[in-house]
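**Q** What follows is coords_33.csv, made up of CSV, C-alpha atoms and all ligand atoms:
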chain,number,residue,atom,x,y,z
A,1,MET,CA,84.0,57.8,44.1
A,2,LYS,CA,85.9,59.3,41.2
A,3,LYS,CA,87.9,56.8,39.2
A,4,TYR,CA,91.3,57.9,38.0
A,5,THR,CA,93.2,56.5,35.1
A,6,LYS,CA,96.7,55.1,35.6
A,7,LYS,CA,98.0,58.2,33.8
A,8,GLN,CA,96.2,60.5,36.2
A,9,VAL,CA,97.3,58.6,39.3
A,10,LYS,CA,100.9,58.8,38.1
A,11,LYS,CA,100.7,62.6,37.6
A,12,LEU,CA,99.1,63.1,40.9
A,13,PHE,CA,101.7,61.1,42.6
A,14,ASP,CA,104.8,62.6,40.9
A,15,LYS,CA,103.3,66.2,41.0
A,16,GLU,CA,106.0,67.5,38.6
A,17,CYS,CA,107.7,67.1,35.3
A,18,PHE,CA,110.6,64.6,35.6
A,19,PHE,CA,112.8,66.8,33.5
A,20,CYS,CA,112.1,70.5,34.3
A,21,GLY,CA,110.0,70.4,37.5
A,22,GLU,CA,106.9,72.0,36.0
A,23,ASN,CA,104.2,71.4,38.5
A,24,ASP,CA,101.0,72.7,36.9
A,25,TYR,CA,98.9,69.6,36.8
A,26,ASP,CA,97.1,70.7,33.6
A,27,LEU,CA,100.4,70.9,31.8
A,28,LEU,CA,101.5,67.4,32.9
A,29,ASP,CA,101.5,64.3,30.7
A,30,ALA,CA,102.8,60.8,31.0
A,31,HIS,CA,105.4,59.5,28.7
A,32,ARG,CA,105.8,55.8,28.2
A,33,ILE,CA,109.5,54.8,28.4
A,34,ILE,CA,108.9,51.8,26.2
A,35,GLU,CA,106.7,53.6,23.7
A,36,GLY,CA,103.4,52.5,22.6
A,37,LYS,CA,104.6,51.5,19.1
A,38,ASP,CA,107.1,49.1,20.8
A,39,GLY,CA,104.4,47.6,23.0
A,40,GLY,CA,104.9,49.8,26.0
A,41,THR,CA,101.9,50.1,28.3
A,42,TYR,CA,100.7,52.6,30.9
A,43,HIS,CA,102.2,50.6,33.7
A,44,TRP,CA,103.5,52.5,36.7
A,45,TRP,CA,107.1,51.5,36.0
A,46,ASN,CA,106.8,52.4,32.3
A,47,MET,CA,105.7,55.9,32.8
A,48,LEU,CA,107.5,59.2,33.3
A,49,THR,CA,105.6,62.3,34.3
A,50,THR,CA,106.6,65.1,31.9
A,51,CYS,CA,105.2,68.5,31.0
A,52,VAL,CA,103.9,68.9,27.5
A,53,LYS,CA,107.0,70.9,26.5
A,54,CYS,CA,109.5,68.3,27.7
A,55,HIS,CA,107.3,65.6,26.3
A,56,ARG,CA,107.6,67.1,22.9
A,57,LYS,CA,111.3,67.3,23.3
A,58,VAL,CA,111.5,63.6,24.2
A,59,HIS,CA,109.6,62.7,21.0
A,60,THR,CA,111.6,65.0,18.8
A,61,GLY,CA,114.9,63.7,20.2
A,62,LYS,CA,115.9,66.9,22.0
A,63,ILE,CA,115.8,65.0,25.2
A,64,LYS,CA,117.2,61.6,25.1
A,65,ILE,CA,116.5,59.0,27.7
A,66,LEU,CA,119.7,57.1,28.2
A,67,GLY,CA,119.5,54.9,31.2
A,68,LYS,CA,117.8,51.6,31.6
A,69,TYR,CA,115.0,51.5,34.0
A,70,HIS,CA,114.6,48.7,36.5
A,71,SER,CA,111.4,47.8,38.1
A,72,THR,CA,111.1,46.5,41.6
A,73,GLY,CA,107.4,46.3,42.0
A,74,ALA,CA,106.4,49.9,41.7
A,75,THR,CA,109.8,51.5,42.0
A,76,LEU,CA,111.5,53.1,39.1
A,77,PHE,CA,115.0,54.3,39.4
A,78,LYS,CA,118.1,55.2,37.5
A,79,ILE,CA,116.7,57.0,34.5
A,80,HIS,CA,119.3,59.2,32.9
A,81,TYR,CA,118.6,61.7,30.3
A,82,ILE,CA,120.4,64.4,28.4
A,83,GLU,CA,119.1,67.4,26.6
A,84,THR,CA,120.8,66.9,23.3
A,85,CYS,CA,120.8,70.6,22.5
A,86,LEU,CA,121.6,69.6,19.0
A,87,SER,CA,124.0,72.4,18.2
A,88,ALA,CA,125.8,72.7,21.6
A,89,ASP,CA,129.1,71.2,20.4
A,90,GLN,CA,129.0,71.6,16.7
A,91,PHE,CA,130.6,74.4,14.9
A,92,GLN,CA,131.2,75.5,11.3
A,93,GLU,CA,133.6,78.3,12.0
A,94,GLU,CA,136.5,79.0,14.3
A,95,LYS,CA,137.7,82.3,15.7
A,96,LYS,CA,140.5,83.4,18.0
A,97,VAL,CA,139.5,85.6,20.9
A,98,THR,CA,141.1,87.2,23.9
A,99,LYS,CA,140.2,86.0,27.4
A,100,THR,CA,138.0,89.0,27.9
A,101,GLN,CA,136.1,88.4,24.7
A,102,ALA,CA,135.6,84.7,25.7
A,103,ALA,CA,134.1,85.9,29.0
A,104,GLU,CA,131.9,88.4,27.2
A,105,LEU,CA,130.6,85.7,24.9
A,106,LEU,CA,129.8,83.4,27.8
A,107,ILE,CA,127.9,86.0,29.8
A,108,GLY,CA,126.3,87.3,26.7
A,109,SER,CA,124.7,83.9,26.0
A,110,PRO,CA,122.2,83.2,28.8
A,111,ASN,CA,120.1,80.1,28.3
A,112,THR,CA,121.8,79.2,25.0
A,113,PRO,CA,123.2,75.7,24.7
A,114,LEU,CA,127.0,76.0,24.5
A,115,SER,CA,130.1,74.0,25.0
A,116,VAL,CA,132.9,75.3,27.1
A,117,SER,CA,136.3,74.0,28.0
A,118,PHE,CA,137.7,75.5,31.2
A,119,GLN,CA,139.9,74.7,34.2
A,120,LYS,CA,138.3,73.4,37.3
A,121,GLN,CA,139.4,74.6,40.8
A,122,ASP,CA,141.6,71.5,41.2
A,123,GLY,CA,143.5,72.6,38.0
A,124,THR,CA,142.2,69.9,35.7
A,125,GLU,CA,140.6,70.7,32.4
A,126,ARG,CA,137.0,70.1,31.9
A,127,THR,CA,134.8,70.2,28.8
A,128,MET,CA,131.1,70.3,29.1
A,129,ARG,CA,128.0,71.1,27.2
A,130,GLY,CA,125.9,73.5,29.1
A,131,LYS,CA,123.6,76.4,29.5
A,132,LEU,CA,124.5,79.6,31.3
A,133,VAL,CA,122.1,80.2,34.1
A,134,LYS,CA,123.7,82.8,36.3
A,135,PRO,CA,126.0,85.2,34.6
A,136,GLU,CA,128.6,87.1,36.7
A,137,PRO,CA,130.6,90.2,36.0
A,138,LEU,CA,133.4,89.9,33.5
A,139,LEU,CA,136.2,88.6,35.8
A,140,GLY,CA,134.0,86.4,37.9
A,141,ARG,CA,132.7,82.9,37.8
A,142,SER,CA,129.4,82.0,36.1
A,143,MET,CA,127.1,79.2,36.9
A,144,VAL,CA,126.6,76.9,34.0
A,145,GLU,CA,124.1,74.1,34.0
A,146,ASP,CA,125.8,70.8,32.9
A,147,LEU,CA,123.5,69.3,30.3
A,148,ASP,CA,125.2,66.0,30.2
A,149,SER,CA,124.9,65.4,33.9
A,150,ASP,CA,122.4,62.9,35.0
A,151,ASP,CA,122.2,64.3,38.5
A,152,LYS,CA,119.0,66.3,38.4
A,153,LYS,CA,119.6,68.1,41.6
A,154,ASN,CA,123.2,69.0,41.1
A,155,ARG,CA,123.8,70.2,37.6
A,156,LEU,CA,125.3,73.5,38.2
A,157,ARG,CA,129.1,74.0,37.6
A,158,GLN,CA,131.1,77.1,38.3
A,159,VAL,CA,133.1,78.3,35.4
A,160,ASP,CA,135.8,80.8,36.2
A,161,HIS,CA,136.0,83.1,33.2
A,162,ARG,CA,139.7,83.5,33.4
A,163,THR,CA,140.2,79.8,32.8
A,164,ILE,CA,138.2,79.4,29.6
A,165,ASN,CA,140.2,77.6,26.9
A,166,TRP,CA,137.5,77.6,24.3
A,167,LEU,CA,133.8,78.0,23.8
A,168,VAL,CA,131.3,76.9,21.2
A,169,VAL,CA,128.3,79.2,20.8
A,170,ASP,CA,125.8,79.3,17.9
A,171,GLY,CA,128.0,77.3,15.6
A,172,VAL,CA,131.3,79.1,16.2
A,173,LYS,CA,134.2,77.9,18.1
A,174,TYR,CA,136.1,80.6,19.9
A,175,THR,CA,139.5,79.7,21.1
A,176,VAL,CA,141.3,81.8,23.5
A,177,LYS,CA,144.7,83.0,22.2
A,178,SER,CA,147.5,81.9,24.4
A,201,ZN,ZN,109.1,69.7,31.7
A,202,ZN,ZN,105.6,60.1,25.2
I'd like the structure from this file rewritten - as structure tokens, please.
Ligand SMILES: [Zn+2]
Ligand SMILES: [Zn+2]
**A**
Amino acid sequence: MKKYTKKQVKKLFDKECFFCGENDYDLLDAHRIIEGKDGGTYHWWNMLTTCVKCHRKVHTGKIKILGKYHSTGATLFKIHYIETCLSADQFQEEKKVTKTQAAELLIGSPNTPLSVSFQKQDGTERTMRGKLVKPEPLLGRSMVEDLDSDDKKNRLRQVDHRTINWLVVDGVKYTVKS
């Protein structure tokens, strides 16, 4: 019988990258939550299955694992993480724009980390760091992935273009003129 290493068993069991869902076995790796240099071992509860891309991001600090893990035998739960998207809320320059320009900037920046402040449907203001995933026409609502959310399955937020207060993209903060 073929003997599997703990790492292989973990990858076969999880089947996909914890962060992005990549499921090509050959691209999967196992990250030790308590890292090797800190004495972490390849125990079931200390491993996260990641793809090579995300694994690199973990080690370069682009993905930060925030939550504490708890082990109950072989169960691992409550791991939170964020993609730090280093530049998402930092800016060196400020500009005033119209509502339409703000909407154009948003839909013109797919897959770019950005920060946006807008009004939710219940009228409250919300600021989030995100990544545009589904652009809509100018006066619509776009889907933005909330990068600070720890809920892996429910990270999409609807941003109504008409309610944008400001937006940070590529180091520039665009504030909507009132
Ligand atoms: Zn991944
Ligand atoms: Zn690792």
**Q** Counting all atoms listed in the file, what are the residues, protein, DNA or RNA alike, that approach ligand ZN 202 (chain A) to within 7 Å? I want them as a PyMOL selection string.
**A** chain A and resi 30-32+35+55+58-59
**Q** Within 12 Å of ligand ZN 201 (chain A), which residues show up when you count all atoms listed in the file? List them as a list in words, please.
**A** Lys15, Glu16, Cys17, Phe18, Phe19, Cys20, Gly21, Glu22, Asn23, Asp24, Tyr25, Leu27, Leu28, Asp29, Ala30, His31, Leu48, Thr49, Thr50, Cys51, Val52, Lys53, Cys54, His55, Arg56, Lys57, Val58, Ile63 and Glu83 of chain A
**Q** I'd like the neighbourhood of range 126-143 of chain A as a PyMOL selection string, where a residue qualifies if any of its atoms comes within 12 Å (using all atoms listed in the file), though same-chain residues fewer than 5 positions away should be ignored.
**A** chain A and resi 82-90+99-121+148-149+154-169
**Q** Between CA of Trp45 in chain A and CA of Lys7 in chain A, measure the distance and give it in Å to one decimal.
**A**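 Value for the CA of Trp45 in chain A-CA of Lys7 in chain A distance: 11.5 Å.
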**Q** To one decimal in Å, tell me the separation between CA of Tyr42 in chain A and CA of Lys11 in chain A.
**A** 12.0 Å
**Q** What does the distance between CA of Phe13 in chain A and CA of Ile34 in chain A come to in Å, to one decimal place?
**A**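 Going from CA of Phe13 in chain A over to CA of Ile34 in chain A, I get 20.2 Å.
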**Q** Which residue is closest to Lys64 in chain A? Choose from A:Lys173, A:His43, A:Lys6, A:Leu147 and count all atoms listed in the file.
**A**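 For Lys64 in chain A, the nearest of the candidates is A:Leu147.
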**Q** Give the answer as one residue: which of A:Thr175, A:Lys37, A:Glu125, A:Asp146 has the shortest atom-to-atom distance to Thr98 in chain A, using only C-alpha atoms?
**A**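 The closest residue to Thr98 in chain A is A:Thr175.
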**Q** Please tell me which residues are no farther than 7 Å from (134.4, 77.5, 15.4) in the file, counting all atoms listed in the file, and write them as a list in words.
**A**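 With a cut-off of 7 Å, the residues come to Phe91, Gln92, Glu93, Glu94, Lys95, Val168, Gly171, Val172, Lys173 and Tyr174 of chain A.
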